[in-house]
Amino acid sequence: MRQSAIQIDWLTINLLGEGYESQSFQFKKMDYGCRMFRNIFEVSDEHGLLGVLTNCPTSSVLNERFAQFKVNNRVLYTESCFDRLSRFARMCHYEITGVSRVDLCCDFQSEDGDMNPTDLIKGFVTGVYEPLTKCQFTISGKFGKCSDLQYIRIGSRHSAVQGRLYNKTVEMKEVHDKHYIRDVWRQYGFDENQTVWRLEFQIGSDFKAVVDKDTSELIELNYNSIQ
């Protein structure tokens, strides 16, 4: 592997509190709600949009003080991300109680002699490689002169953990080009003329802990551990 960069690409945290505005944070209320919450706010600080806050649960089962905060994707690629988040929670009177969803990703470029990610996807489809347990999978690609497999997801959308391997260079060109991700690639010394692939794990709130096989340590999934 030529280079690799490990990042958090999605983070939604659970909060508990009244949520008072402060001079350091601006709340812009959206004119719509969602299935779980009545209110949606865009929250900004002096550096720009920090994320989206949802509160006032529609279900009576949930604590009326329960809220969630989805961090702006751009913020996740900055060194100040967790400092800004902790400051928001402290100054707006929220307690961070857990992680609703976190996506961990590793962007990488292959070297000569490495397995081609496309061949790995083909091997999974043709039965050369098999999962350890029964699971759902989804693949996609393009037909040209030959089939070009560019994406595989292992696990369903309801799984506690989903794994995805896909051509990030193609996705950036065809879906949404994010210059701040390209800035990170440059910091890690990626070759701009070579394809970047992404291995990504989406971890939901049903996932509780992981075992470090080297130390047998049980690592819980929470706000502190993902840092």
# chains A, B, ... in the order shown; residues from 1 in each chain; ligands from 1
>>> residues_around(residues="A:Ile203", least_positions_apart="2", cutoff="8 Å", atoms="only C-alpha atoms", output="list of chain:residue names")
A:Arg101, A:Val102, A:Asp103, A:Leu104, A:Ala160, A:Val161, A:Gln162, A:Phe201, A:Ser205, A:Phe207
>>> write_last_selection(atoms="N, CA and C atoms", output="JSON list (two decimals), in the first residue's frame")
[["chain", "number", "residue", "atom", "x", "y", "z"],
["A", 101, "ARG", "N", -24.05, 7.24, 15.58],
["A", 101, "ARG", "CA", -23.44, 6.64, 14.39],
["A", 101, "ARG", "C", -22.07, 7.26, 14.15],
["A", 102, "VAL", "N", -21.13, 6.42, 13.80],
["A", 102, "VAL", "CA", -19.81, 6.90, 13.40],
["A", 102, "VAL", "C", -19.34, 6.07, 12.21],
["A", 103, "ASP", "N", -18.84, 6.75, 11.18],
["A", 103, "ASP", "CA", -18.24, 6.07, 10.02],
["A", 103, "ASP", "C", -16.74, 6.28, 10.07],
["A", 104, "LEU", "N", -15.99, 5.17, 10.16],
["A", 104, "LEU", "CA", -14.54, 5.22, 10.14],
["A", 104, "LEU", "C", -14.06, 4.79, 8.76],
["A", 160, "ALA", "N", -25.61, -3.65, 12.62],
["A", 160, "ALA", "CA", -24.88, -2.83, 13.60],
["A", 160, "ALA", "C", -23.60, -2.28, 12.98],
["A", 161, "VAL", "N", -23.00, -3.05, 12.06],
["A", 161, "VAL", "CA", -21.80, -2.61, 11.35],
["A", 161, "VAL", "C", -21.96, -2.93, 9.87],
["A", 162, "GLN", "N", -21.67, -1.96, 9.02],
["A", 162, "GLN", "CA", -21.60, -2.19, 7.58],
["A", 162, "GLN", "C", -20.18, -1.94, 7.13],
["A", 201, "PHE", "N", -16.19, 1.68, 7.47],
["A", 201, "PHE", "CA", -17.06, 0.92, 8.36],
["A", 201, "PHE", "C", -18.06, 1.87, 9.00],
["A", 205, "SER", "N", -25.54, 2.60, 16.74],
["A", 205, "SER", "CA", -25.67, 2.62, 18.20],
["A", 205, "SER", "C", -25.83, 1.23, 18.81],
["A", 207, "PHE", "N", -23.99, -1.24, 18.17],
["A", 207, "PHE", "CA", -22.65, -1.79, 18.37],
["A", 207, "PHE", "C", -22.10, -1.23, 19.68]]
>>> residues_around(residues="stretch 67-80 of chain A", least_positions_apart="2", cutoff="10 Å", atoms="only C-alpha atoms", output="MDAnalysis selection string")
chainID A and resid 7:19 36:37 39:44 47:57 62:65 82:85 89 94:102 178:181 183:184
>>> select_by_dssp(residues="stretch 3-211 of chain A", states="alpha helix (DSSP H)", output="PyMOL selection string")
chain A and resi 73-76+81-91+117-126+168-174+179-187
>>> closest_atom_pairs(of="stretch 24-108 of chain A", to="stretch 166-170 of chain A", cutoff="12 Å", atoms="only C-alpha atoms", output="CSV")
residue,atom,partner,partner_atom,distance
A:Cys105,CA,A:Lys168,CA,10.9
A:Cys106,CA,A:Lys168,CA,10.5
A:Asp107,CA,A:Lys168,CA,7.8
A:Phe108,CA,A:Lys168,CA,9.3
>>> write_last_selection(atoms="N, CA, C and O atoms", output="compact mmCIF listing (two decimals), in the first residue's frame")
# COMPACT_ATOMS: atom_id res chain seq x y z
N CYS A 105 -13.16 5.57 8.17
CA CYS A 105 -12.73 5.24 6.82
C CYS A 105 -11.21 5.27 6.70
O CYS A 105 -10.53 5.99 7.44
N CYS A 106 -10.71 4.48 5.78
CA CYS A 106 -9.29 4.47 5.45
C CYS A 106 -9.17 4.67 3.94
O CYS A 106 -9.58 3.79 3.17
N ASP A 107 -8.65 5.83 3.52
CA ASP A 107 -8.39 6.09 2.11
C ASP A 107 -6.97 5.60 1.80
O ASP A 107 -6.04 5.84 2.58
N PHE A 108 -6.81 4.94 0.65
CA PHE A 108 -5.49 4.37 0.35
C PHE A 108 -5.26 4.30 -1.15
O PHE A 108 -6.20 4.33 -1.96
>>> select_by_dssp(residues="stretch 56-147 of chain A", states="strand (DSSP E)", output="ChimeraX atom specification")
/A:56-57,66-71,94-109,137-143,147
>>> write_last_selection(atoms="N, CA, C and O atoms", output="compact mmCIF listing (two decimals), in the first residue's frame")
# COMPACT_ATOMS: atom_id res chain seq x y z
N CYS A 56 -36.54 17.95 20.63
CA CYS A 56 -37.98 17.78 20.84
C CYS A 56 -38.46 16.49 20.16
O CYS A 56 -39.09 16.52 19.08
N PRO A 57 -38.18 15.33 20.78
CA PRO A 57 -38.57 14.04 20.18
C PRO A 57 -40.07 13.94 19.96
O PRO A 57 -40.87 14.46 20.74
N PHE A 66 -33.86 14.80 25.23
CA PHE A 66 -32.95 14.08 24.33
C PHE A 66 -32.81 14.83 23.01
O PHE A 66 -33.77 15.35 22.46
N ALA A 67 -31.59 14.88 22.51
CA ALA A 67 -31.31 15.54 21.24
C ALA A 67 -30.17 14.80 20.54
O ALA A 67 -29.46 13.99 21.16
N GLN A 68 -29.98 15.08 19.25
CA GLN A 68 -28.86 14.51 18.50
C GLN A 68 -28.18 15.62 17.71
O GLN A 68 -28.81 16.60 17.32
N PHE A 69 -26.89 15.41 17.48
CA PHE A 69 -26.11 16.41 16.74
C PHE A 69 -25.27 15.70 15.69
O PHE A 69 -24.44 14.85 16.01
N LYS A 70 -25.51 16.04 14.40
CA LYS A 70 -24.74 15.49 13.29
C LYS A 70 -23.68 16.52 12.90
O LYS A 70 -24.00 17.64 12.51
N VAL A 71 -22.43 16.12 13.00
CA VAL A 71 -21.31 17.03 12.74
C VAL A 71 -21.16 17.27 11.24
O VAL A 71 -21.26 16.33 10.43
N TYR A 94 -25.33 21.12 27.20
CA TYR A 94 -25.66 19.75 26.80
C TYR A 94 -24.67 18.77 27.41
O TYR A 94 -23.47 19.07 27.51
N GLU A 95 -25.17 17.61 27.78
CA GLU A 95 -24.32 16.49 28.19
C GLU A 95 -24.22 15.51 27.01
O GLU A 95 -25.25 15.12 26.45
N ILE A 96 -23.00 15.15 26.60
CA ILE A 96 -22.82 14.18 25.53
C ILE A 96 -22.97 12.79 26.14
O ILE A 96 -22.20 12.37 26.99
N THR A 97 -24.01 12.05 25.73
CA THR A 97 -24.34 10.78 26.37
C THR A 97 -23.97 9.55 25.54
O THR A 97 -24.01 8.43 26.06
N GLY A 98 -23.62 9.73 24.27
CA GLY A 98 -23.28 8.55 23.47
C GLY A 98 -23.10 8.88 22.01
O GLY A 98 -23.21 10.03 21.59
N VAL A 99 -22.82 7.84 21.25
CA VAL A 99 -22.61 7.95 19.80
C VAL A 99 -23.74 7.22 19.10
O VAL A 99 -23.97 6.03 19.35
N SER A 100 -24.48 7.92 18.25
CA SER A 100 -25.55 7.29 17.49
C SER A 100 -25.02 6.59 16.24
O SER A 100 -25.45 5.49 15.89
N ARG A 101 -24.05 7.24 15.58
CA ARG A 101 -23.44 6.64 14.39
C ARG A 101 -22.07 7.26 14.15
O ARG A 101 -21.89 8.46 14.31
N VAL A 102 -21.13 6.42 13.80
CA VAL A 102 -19.81 6.90 13.40
C VAL A 102 -19.34 6.07 12.21
O VAL A 102 -19.50 4.85 12.19
N ASP A 103 -18.84 6.75 11.18
CA ASP A 103 -18.24 6.07 10.02
C ASP A 103 -16.74 6.28 10.07
O ASP A 103 -16.26 7.42 10.04
N LEU A 104 -15.99 5.17 10.16
CA LEU A 104 -14.54 5.22 10.14
C LEU A 104 -14.06 4.79 8.76
O LEU A 104 -14.50 3.77 8.24
N CYS A 105 -13.16 5.57 8.17
CA CYS A 105 -12.73 5.24 6.82
C CYS A 105 -11.21 5.27 6.70
O CYS A 105 -10.53 5.99 7.44
N CYS A 106 -10.71 4.48 5.78
CA CYS A 106 -9.29 4.47 5.45
C CYS A 106 -9.17 4.67 3.94
O CYS A 106 -9.58 3.79 3.17
N ASP A 107 -8.65 5.83 3.52
CA ASP A 107 -8.39 6.09 2.11
C ASP A 107 -6.97 5.60 1.80
O ASP A 107 -6.04 5.84 2.58
N PHE A 108 -6.81 4.94 0.65
CA PHE A 108 -5.49 4.37 0.35
C PHE A 108 -5.26 4.30 -1.15
O PHE A 108 -6.20 4.33 -1.96
N GLN A 109 -3.99 4.21 -1.51
CA GLN A 109 -3.56 3.97 -2.88
C GLN A 109 -2.71 2.71 -2.91
O GLN A 109 -1.88 2.49 -2.03
N PHE A 137 -25.06 -8.45 0.78
CA PHE A 137 -24.05 -7.60 0.15
C PHE A 137 -24.65 -6.94 -1.09
O PHE A 137 -25.60 -7.42 -1.69
N THR A 138 -24.08 -5.80 -1.46
CA THR A 138 -24.49 -5.04 -2.62
C THR A 138 -23.26 -4.62 -3.40
O THR A 138 -22.27 -4.20 -2.79
N ILE A 139 -23.30 -4.75 -4.72
CA ILE A 139 -22.18 -4.32 -5.54
C ILE A 139 -22.69 -3.38 -6.63
O ILE A 139 -23.88 -3.40 -6.98
N SER A 140 -21.79 -2.57 -7.14
CA SER A 140 -22.14 -1.73 -8.28
C SER A 140 -20.87 -1.44 -9.07
O SER A 140 -19.76 -1.60 -8.59
N GLY A 141 -21.08 -1.00 -10.32
CA GLY A 141 -19.95 -0.71 -11.19
C GLY A 141 -20.45 -0.18 -12.51
O GLY A 141 -21.57 0.32 -12.62
N LYS A 142 -19.61 -0.31 -13.53
CA LYS A 142 -19.95 0.18 -14.85
C LYS A 142 -19.61 -0.86 -15.91
O LYS A 142 -18.68 -1.65 -15.75
N PHE A 143 -20.40 -0.85 -17.01
CA PHE A 143 -20.08 -1.66 -18.17
C PHE A 143 -19.51 -0.74 -19.25
O PHE A 143 -20.09 0.27 -19.60
N SER A 147 -16.60 -5.20 -17.63
CA SER A 147 -17.22 -4.75 -16.38
C SER A 147 -16.17 -4.14 -15.47
O SER A 147 -15.04 -4.61 -15.39
>>> residues_around(residues="A:Lys208", least_positions_apart="2", cutoff="8 Å", atoms="only C-alpha atoms", output="ChimeraX atom specification")
/A:205-206,210,220-221
>>> closest_residue(among="A:Ser110, A:Ser159, A:Ser86, A:Gln187", to="A:Gly204", atoms="only C-alpha atoms")
A:Ser159
>>> atom_distance(atom1="atom CA of A:Ser225", atom2="atom CA of A:Gln3")
24.7 Å
>>> atom_distance(atom1="atom CA of A:Val196", atom2="atom CA of A:Arg182")
10.2 Å
